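**Student:** This one is coords_21.tsv, TSV, C-alpha atoms and all ligand atoms.
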chain	number	residue	atom	x	y	z
A	29	MET	CA	25.71	7.08	11.15
A	30	ALA	CA	22.79	9.40	10.64
A	31	ARG	CA	19.98	7.99	8.62
A	32	LYS	CA	18.89	9.68	5.45
A	33	CYS	CA	15.33	10.69	4.67
A	34	LEU	CA	13.50	8.17	2.50
A	35	PHE	CA	12.53	10.86	0.02
A	36	CYS	CA	15.42	13.37	-0.09
A	37	ASP	CA	19.03	13.90	0.92
A	38	ASN	CA	18.25	15.45	4.30
A	39	ARG	CA	18.89	13.70	7.56
A	40	ALA	CA	15.93	11.66	8.83
A	41	ASP	CA	15.08	13.72	11.89
A	42	SER	CA	11.31	13.42	12.03
A	43	LYS	CA	8.93	10.70	13.19
A	44	GLU	CA	6.32	9.92	10.59
A	45	ASP	CA	3.07	8.20	11.55
A	46	VAL	CA	2.64	5.47	8.97
A	47	LEU	CA	-1.09	5.73	9.51
A	48	PRO	CA	-1.96	9.36	10.23
A	49	VAL	CA	-3.21	10.27	13.69
A	50	TRP	CA	-6.69	11.16	12.43
A	51	ILE	CA	-7.09	7.59	11.13
A	52	GLN	CA	-5.57	6.08	14.28
A	53	ASP	CA	-8.14	8.01	16.30
A	54	LYS	CA	-10.93	6.27	14.42
A	55	LEU	CA	-9.55	2.82	15.18
A	56	GLY	CA	-10.99	1.88	18.52
A	57	GLY	CA	-10.90	-0.66	21.25
A	58	LYS	CA	-8.42	-0.55	24.09
A	59	LYS	CA	-7.39	-4.17	23.90
A	60	ARG	CA	-7.81	-4.82	20.23
A	61	PRO	CA	-4.94	-4.97	17.86
A	62	VAL	CA	-5.02	-1.74	15.98
A	63	VAL	CA	-2.24	-2.45	13.62
A	64	ASN	CA	-1.40	-6.01	12.89
A	65	GLY	CA	0.61	-7.22	10.04
A	66	PHE	CA	4.08	-7.79	8.80
A	67	TYR	CA	6.56	-6.44	6.42
A	68	GLY	CA	8.63	-9.10	4.77
A	69	TYR	CA	9.66	-11.36	7.65
A	70	HIS	CA	9.22	-8.69	10.25
A	71	ARG	CA	6.05	-8.71	12.26
A	72	ILE	CA	4.33	-5.50	13.26
A	73	ALA	CA	1.90	-5.71	16.13
A	74	THR	CA	0.82	-2.93	18.39
A	75	GLN	CA	-2.32	-2.30	20.32
A	76	GLY	CA	-4.15	0.34	22.25
A	77	VAL	CA	-6.34	3.30	21.52
A	78	LYS	CA	-3.52	5.66	20.71
A	79	SER	CA	-1.44	2.99	19.19
A	80	SER	CA	0.73	4.26	16.46
A	81	VAL	CA	3.37	2.98	14.19
A	82	LYS	CA	6.02	5.50	13.49
A	83	THR	CA	9.13	5.39	11.46
A	84	GLY	CA	12.07	7.69	11.92
A	85	CYS	CA	12.57	7.63	8.21
A	86	VAL	CA	11.81	11.10	6.93
A	87	CYS	CA	13.09	14.62	7.42
A	88	HIS	CA	11.22	17.48	8.99
A	89	ASP	CA	10.76	19.23	5.64
A	90	CYS	CA	9.19	16.21	3.96
A	91	ASN	CA	7.03	15.29	6.94
A	92	HIS	CA	5.67	18.79	7.43
A	93	GLY	CA	5.78	19.74	3.77
A	94	TRP	CA	4.53	17.62	0.90
A	95	MET	CA	3.57	14.64	3.09
A	96	SER	CA	1.43	16.78	5.33
A	97	GLU	CA	-0.17	18.47	2.30
A	98	LEU	CA	-0.95	15.07	0.84
A	99	GLU	CA	-2.61	14.06	4.13
A	100	ASP	CA	-4.73	17.21	4.05
A	101	GLU	CA	-5.72	16.45	0.49
A	102	ALA	CA	-6.57	12.80	1.23
A	103	ARG	CA	-8.49	13.30	4.45
A	104	PRO	CA	-11.74	14.67	2.93
A	105	ILE	CA	-11.80	11.67	0.58
A	106	LEU	CA	-10.70	8.86	2.88
A	107	GLY	CA	-12.80	10.20	5.76
A	108	PRO	CA	-16.18	9.42	4.13
A	109	LEU	CA	-14.88	6.02	2.96
A	110	ILE	CA	-14.01	5.11	6.54
A	111	GLU	CA	-17.50	6.19	7.60
A	112	ASP	CA	-18.99	3.98	4.89
A	113	ILE	CA	-20.58	6.83	3.00
A	114	HIS	CA	-21.45	6.13	-0.64
A	115	LEU	CA	-19.37	8.25	-2.91
A	116	LEU	CA	-18.52	8.90	-6.52
A	117	LEU	CA	-14.79	9.31	-6.95
A	118	ASP	CA	-13.61	11.43	-9.84
A	119	ARG	CA	-10.24	11.45	-11.53
A	120	ASN	CA	-8.62	13.93	-9.12
A	121	GLN	CA	-9.90	12.05	-6.10
A	122	LYS	CA	-8.61	8.78	-7.54
A	123	LEU	CA	-5.24	10.40	-8.10
A	124	THR	CA	-5.14	11.61	-4.49
A	125	ILE	CA	-6.01	8.15	-3.18
A	126	ALA	CA	-3.32	6.61	-5.37
A	127	ARG	CA	-0.69	9.11	-4.25
A	128	TRP	CA	-1.61	8.68	-0.61
A	129	SER	CA	-1.51	4.89	-0.98
A	130	VAL	CA	1.91	4.86	-2.62
A	131	LYS	CA	3.26	7.31	-0.04
A	132	THR	CA	1.99	5.05	2.75
A	133	ALA	CA	3.35	1.92	1.06
A	134	MET	CA	6.77	3.53	0.71
A	135	THR	CA	6.78	4.76	4.31
A	136	MET	CA	5.73	1.33	5.52
A	137	THR	CA	8.82	-0.21	3.98
A	138	ALA	CA	10.90	1.80	6.43
A	139	LEU	CA	9.35	0.01	9.42
A	140	ASN	CA	12.05	-2.63	9.36
A	141	ARG	CA	14.72	-0.55	7.80
A	142	LYS	CA	17.33	-2.16	10.02
A	143	GLN	CA	16.63	-5.56	8.54
A	144	ARG	CA	16.41	-4.71	4.88
A	145	GLU	CA	16.34	-2.10	2.19
A	146	SER	CA	13.07	-0.62	1.04
A	147	PHE	CA	11.61	-2.34	-1.99
A	148	TYR	CA	11.27	1.08	-3.55
A	149	ASP	CA	14.66	2.29	-4.70
A	150	ARG	CA	16.06	5.78	-4.23
A	151	ASP	CA	15.04	6.94	-7.69
A	152	GLU	CA	11.46	5.83	-7.19
A	153	ARG	CA	11.18	7.54	-3.81
A	154	PHE	CA	12.89	10.78	-4.82
A	155	ARG	CA	10.93	11.11	-8.05
A	156	PHE	CA	7.73	10.51	-6.15
A	157	ARG	CA	8.48	13.46	-3.88
A	158	GLU	CA	9.81	15.73	-6.62
A	159	SER	CA	7.11	15.28	-9.22
A	160	SER	CA	4.52	12.86	-7.81
A	161	THR	CA	5.76	10.37	-10.38
A	162	PHE	CA	4.51	6.89	-9.58
A	163	PRO	CA	7.01	4.05	-9.64
A	164	ARG	CA	6.80	2.16	-12.94
A	165	HIS	CA	4.46	-0.82	-13.06
A	166	THR	CA	2.46	0.25	-10.03
A	167	ARG	CA	-1.25	-0.35	-9.55
A	168	VAL	CA	-3.61	0.57	-6.75
A	169	TRP	CA	-6.93	-1.04	-5.79
A	170	LEU	CA	-9.56	0.00	-3.30
A	171	GLY	CA	-11.94	-2.35	-1.52
A	172	ARG	CA	-14.50	-2.30	1.26
A	173	TYR	CA	-13.81	-4.43	4.30
A	174	GLY	CA	-16.74	-5.76	6.32
A	175	GLY	CA	-14.84	-7.81	8.90
A	176	SER	CA	-13.92	-7.15	12.50
A	177	ALA	CA	-10.29	-6.05	12.36
A	178	GLU	CA	-9.68	-2.38	13.01
A	179	GLY	CA	-6.58	-1.98	10.99
A	180	GLY	CA	-3.70	-3.77	9.44
A	181	MET	CA	-0.61	-3.34	7.34
A	182	PHE	CA	0.85	-6.10	5.26
A	183	GLY	CA	3.84	-6.06	2.97
A	184	ILE	CA	4.74	-9.09	0.91
A	185	ASP	CA	7.48	-9.82	-1.58
A	186	GLY	CA	7.11	-11.98	-4.62
A	187	TRP	CA	9.52	-13.17	-7.27
A	188	ASP	CA	9.01	-15.02	-10.51
A	189	GLY	CA	12.15	-17.06	-10.01
A	190	ASN	CA	15.01	-17.43	-7.59
A	191	PRO	CA	15.07	-14.29	-5.41
A	192	GLU	CA	18.87	-14.47	-5.41
A	193	GLY	CA	19.00	-14.53	-9.19
A	194	SER	CA	20.13	-11.49	-11.12
A	195	ASN	CA	17.50	-11.51	-13.83
A	196	VAL	CA	14.33	-12.00	-11.87
A	197	THR	CA	11.12	-10.02	-11.62
A	198	HIS	CA	10.57	-8.82	-8.06
A	199	PHE	CA	7.20	-7.49	-7.02
A	200	TYR	CA	5.89	-6.09	-3.81
A	201	ILE	CA	2.34	-6.04	-2.54
A	202	THR	CA	1.23	-3.68	0.20
A	203	THR	CA	-2.18	-4.08	1.82
A	204	ILE	CA	-3.39	-1.33	4.13
A	205	LEU	CA	-6.55	-1.74	6.15
A	206	PHE	CA	-8.31	0.83	8.30
A	207	LYS	CA	-11.92	0.34	9.33
A	208	ARG	CA	-13.98	-0.20	6.17
A	209	VAL	CA	-11.23	0.75	3.78
A	210	VAL	CA	-8.72	-1.64	2.34
A	211	ILE	CA	-6.13	-0.51	-0.16
A	212	GLN	CA	-3.70	-2.63	-2.11
A	213	VAL	CA	-0.64	-1.40	-3.97
A	214	LEU	CA	1.33	-3.61	-6.35
A	215	SER	CA	4.71	-2.50	-7.65
A	216	VAL	CA	6.90	-4.53	-9.96
A	217	HIS	CA	10.60	-4.36	-10.68
A	218	ALA	CA	10.74	-6.20	-13.96
A	219	GLY	CA	13.63	-8.49	-14.81
A	220	ASN	CA	15.65	-7.49	-17.89
A	221	TYR	CA	14.08	-10.26	-19.94
A	222	LEU	CA	10.74	-8.46	-19.62
A	223	LYS	CA	11.90	-5.13	-21.04
A	224	GLY	CA	9.20	-3.74	-23.27
A	225	SER	CA	6.79	-6.55	-22.50
A	226	THR	CA	3.47	-6.30	-20.83
A	227	ILE	CA	3.70	-7.58	-17.29
A	228	ALA	CA	0.88	-9.62	-15.83
A	229	ILE	CA	1.30	-10.91	-12.31
A	230	PRO	CA	-1.25	-13.72	-11.95
A	231	THR	CA	-3.72	-13.55	-9.11
A	232	ARG	CA	-5.80	-16.14	-7.33
A	233	GLY	CA	-9.53	-15.57	-7.12
A	234	ASN	CA	-11.94	-13.28	-8.86
A	235	TRP	CA	-11.66	-9.74	-7.56
A	236	ARG	CA	-13.64	-7.91	-10.19
A	237	ASP	CA	-16.58	-7.05	-7.94
A	238	ALA	CA	-14.60	-6.67	-4.73
A	239	LEU	CA	-11.92	-4.23	-5.80
A	240	LEU	CA	-12.07	-0.88	-7.54
A	241	ASP	CA	-9.15	-0.26	-9.84
A	242	ILE	CA	-7.74	3.16	-9.05
A	243	ASP	CA	-6.58	3.54	-12.63
A	244	ILE	CA	-5.12	7.02	-12.75
A	245	GLY	CA	-4.80	6.79	-16.53
A	246	SER	CA	-8.57	6.57	-16.82
A	247	SER	CA	-10.85	9.55	-16.41
A	248	ALA	CA	-13.81	7.32	-15.54
A	249	ASN	CA	-15.48	7.97	-12.19
A	250	ILE	CA	-15.74	5.04	-9.82
A	251	PHE	CA	-18.47	4.36	-7.34
A	252	TRP	CA	-17.74	3.47	-3.73
A	253	PRO	CA	-18.34	0.95	-2.29
A	254	PRO	CA	-17.70	-1.94	-4.71
A	255	PRO	CA	-20.55	-4.49	-5.05
A	256	ILE	CA	-18.87	-7.12	-2.86
A	257	SER	CA	-17.20	-6.55	0.51
A	258	ILE	CA	-14.13	-8.34	1.74
A	259	SER	CA	-14.74	-10.27	4.96
A	260	ASP	CA	-13.03	-12.40	7.60
A	261	ILE	CA	-14.68	-15.74	6.91
A	262	LEU	CA	-16.71	-15.66	3.71
A	263	GLU	CA	-14.89	-15.32	0.41
A	264	PRO	CA	-13.39	-13.08	-0.58
A	265	THR	CA	-11.45	-12.82	2.67
A	266	LEU	CA	-8.86	-10.32	3.79
A	267	LEU	CA	-6.24	-13.06	3.98
A	268	ARG	CA	-7.02	-14.13	0.44
A	269	LEU	CA	-6.59	-10.54	-0.63
A	270	VAL	CA	-3.23	-10.19	1.10
A	271	TYR	CA	-2.04	-13.37	-0.60
A	272	ARG	CA	-3.91	-13.09	-3.86
A	273	PHE	CA	-0.79	-12.86	-5.94
A	274	ASN	CA	0.93	-16.15	-6.49
A	275	VAL	CA	3.79	-15.33	-4.23
A	276	ASN	CA	4.52	-18.96	-3.41
A	277	ALA	CA	3.91	-20.42	-6.81
A	278	ARG	CA	7.25	-20.01	-8.45
A	279	PRO	CA	8.26	-20.00	-11.08
A	280	PHE	CA	5.13	-18.78	-12.79
A	281	ASP	CA	4.39	-17.57	-16.26
A	282	PRO	CA	4.70	-13.77	-16.11
A	283	PHE	CA	2.65	-13.58	-19.28
A	284	GLY	CA	-0.17	-15.57	-17.78
A	285	PRO	CA	-3.71	-14.30	-17.36
A	286	ASP	CA	-4.45	-11.55	-14.89
A	287	ALA	CA	-7.53	-13.31	-13.55
B	301	ZN	ZN	13.06	14.55	3.18
Step by step, read the file and then write its structure as structure tokens.
Ligand SMILES: [Zn+2]
**Tutor:**
Amino acid sequence: MARKCLFCDNRADSKEDVLPVWIQDKLGGKKRPVVNGFYGYHRIATQGVKSSVKTGCVCHDCNHGWMSELEDEARPILGPLIEDIHLLLDRNQKLTIARWSVKTAMTMTALNRKQRESFYDRDERFRFRESSTFPRHTRVWLGRYGGSAEGGMFGIDGWDGNPEGSNVTHFYITTILFKRVVIQVLSVHAGNYLKGSTIAIPTRGNWRDALLDIDIGSSANIFWPPPISISDILEPTLLRLVYRFNVNARPFDPFGPDA
């Protein structure tokens, strides 16, 4: 059976680079892992200069239409970040980064489409294409990475109770690393018992100085890079970032502090 596009009702007939070619070209080293991570239980590992991770998950119109426009919009902003150039990001630039990040997070979930459904449901994906509407309860953070990995993609599920249960809050954390840039997207599907409540997914560690909150509701400019870089060995580490939400500590208090 023909696969459907992630974002519309067309047939998925186009290969989408999860990380765009212009970013892949900046990730170097013949023998070094360029993309290394996992999505759920599925490991992603490729290497090589022209290494790419593609998903056959979108249609030609989406890939060469709004997705390509979004890449063009994001490139002049993400480019300087990769090159470690100090930058003031205004509201529109923050919005572009957030849209690009959510697009990439959604596309990433198609990497093991055979094994499982995307965390993002049809409504969330279609509305994102149609009107750039972000999935509810979604946040995006931007950090500077000072370690030695070239790139990485990590997708992790978390639940606040039994994953098999019907009334459970399910959240999904995507971490995308390329050169000096690390982006994290958190999306939450709240259990019914949380309707109307404020949702706080507890985190481990203090990330205030290491992550910039790409709060699209705020018009405040943010300054890149953040005061503290994320590293391989010294805290805060990349691994700590990937696992900073209490994904193994269940059940937890969903009303607990957002440290
Ligand atoms: Zn499409």
**Student:** Each residue of region 161-194 of chain A with at least one atom at most 10 Å from region 105-124 of chain A should appear once, together with its nearest atom pair and the corresponding distance in Å (one decimal); atoms considered: all atoms listed in the file; ordering: chain, then increasing residue number; output as CSV.
**Tutor:**
residue,atom,partner,partner_atom,distance
A:Val168,CA,A:Lys122,CA,9.6
A:Leu170,CA,A:Lys122,CA,9.8
A:Gly171,CA,A:Leu109,CA,9.9
A:Arg172,CA,A:Leu109,CA,8.5
A:Tyr173,CA,A:Ile110,CA,9.8
**Student:** Would you compute the distance between CA of Glu44 (chain A) and CA of Gly180 (chain A)? Give it in Å to one decimal.
**Tutor:** 17.0 Å
**Student:** Once you count all atoms listed in the file, which residues end up within 7 Å of ligand ZN 301 (chain B), and could you hand them over as a short mmCIF file (atom, residue, chain, number, x, y, z; two decimals) with C-alpha atoms, keeping the file's coordinate frame?
**Tutor:**
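Written out: result-v8.cif:
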data_model
loop_
_atom_site.label_atom_id
_atom_site.label_comp_id
_atom_site.auth_asym_id
_atom_site.auth_seq_id
_atom_site.Cartn_x
_atom_site.Cartn_y
_atom_site.Cartn_z
CA CYS A 33 15.33 10.69 4.67
CA LEU A 34 13.50 8.17 2.50
CA PHE A 35 12.53 10.86 0.02
CA CYS A 36 15.42 13.37 -0.09
CA ASP A 37 19.03 13.90 0.92
CA ASN A 38 18.25 15.45 4.30
CA ALA A 40 15.93 11.66 8.83
CA VAL A 86 11.81 11.10 6.93
CA CYS A 87 13.09 14.62 7.42
CA HIS A 88 11.22 17.48 8.99
CA ASP A 89 10.76 19.23 5.64
CA CYS A 90 9.19 16.21 3.96
#
**Student:** Interatomic distance between CA of Asp243 (chain A) and CA of Ala126 (chain A)?
**Tutor:** 8.5 Å
**Student:** Give me the residues near Trp169 (chain A) as number ranges by chain, where near means some atom within 7 Å (using all atoms listed in the file) and where sequence neighbours in that chain fewer than 5 positions away do not count.
**Tutor:** A: 211-213, 239-242
**Student:** Using all atoms listed in the file, which residue out of A:Tyr221, A:Pro230, A:Ser176, A:His92 lies closest to Ser259 (chain A)?
**Tutor:**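 Comparing A:Tyr221, A:Pro230, A:Ser176, A:His92 against Ser259 (chain A), the winner is A:Ser176.
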**Student:** Using only C-alpha atoms, which of the listed residues (A:Thr197, A:Thr161, A:Asn234, A:Thr202) sits closest to Gly219 (chain A)?
**Tutor:**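 Answer, going by the shortest atom-to-atom distance: A:Thr197.
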**Student:** Rank nothing, just name the residue among A:Met95, A:Cys85, A:Ile244, A:Ala133 nearest to Tyr200 (chain A), using all atoms listed in the file.
**Tutor:**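 Using all atoms listed in the file, the shortest distance to Tyr200 (chain A) belongs to A:Ala133.
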**Student:** Using only C-alpha atoms and a cutoff of 12 Å, can you tell me which residues are near (2.7, 18.2, -0.2) in the file's coordinates, and write them out as a VMD selection string?
**Tutor:** chain A and resid 89 to 102 124 127 to 128 131 156 to 160
**Student:** Please measure the separation of CA of Gly233 (chain A) and CA of Ile258 (chain A), giving the value in Å to one decimal.
**Tutor:**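 One can read the CA of Gly233 (chain A) to CA of Ile258 (chain A) distance as 12.3 Å.
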**Student:** Given only C-alpha atoms as the basis, pick out the residue of A:Lys142, A:Lys32, A:Arg167, A:Lys82 nearest to Ile201 (chain A).
**Tutor:**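 Comparing A:Lys142, A:Lys32, A:Arg167, A:Lys82 against Ile201 (chain A), the winner is A:Arg167.
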**Student:** If we count all atoms listed in the file and set the cut-off at 9 Å, which residues sit around Thr132 (chain A), ignoring sequence neighbours fewer than 5 positions away in its own chain? Please answer as a PDB file with C-alpha atoms, in the frame of the given file.
**Tutor:**
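File written: around.pdb
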ATOM      1  CA  VAL A  46       2.640   5.470   8.970  1.00  0.00           C
ATOM      2  CA  LEU A  47      -1.090   5.730   9.510  1.00  0.00           C
ATOM      3  CA  ARG A 127      -0.690   9.110  -4.250  1.00  0.00           C
ATOM      4  CA  THR A 137       8.820  -0.210   3.980  1.00  0.00           C
ATOM      5  CA  ILE A 204      -3.390  -1.330   4.130  1.00  0.00           C
TER       6      ILE A 204
END
**Student:** Hey, can you pull every residue with an atom no more than 6 Å from (12.6, 2.8, -10.5), using all atoms listed in the file, and send it as a ChimeraX atom specification?
**Tutor:** /A:151-152,163
**Student:** With distances taken over all atoms listed in the file, which residue among A:Phe147, A:Phe251, A:Phe206, A:Phe273 lies nearest Gly179 (chain A)?
**Tutor:**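 Looking only at the distances to Gly179 (chain A), the closest residue turns out to be A:Phe206.
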**Student:** Given the choices A:Pro104, A:Pro48, A:Pro254, A:Gly175, which gets closest to Leu267 (chain A) if the distance is worked out from all atoms listed in the file?
**Tutor:** A:Gly175
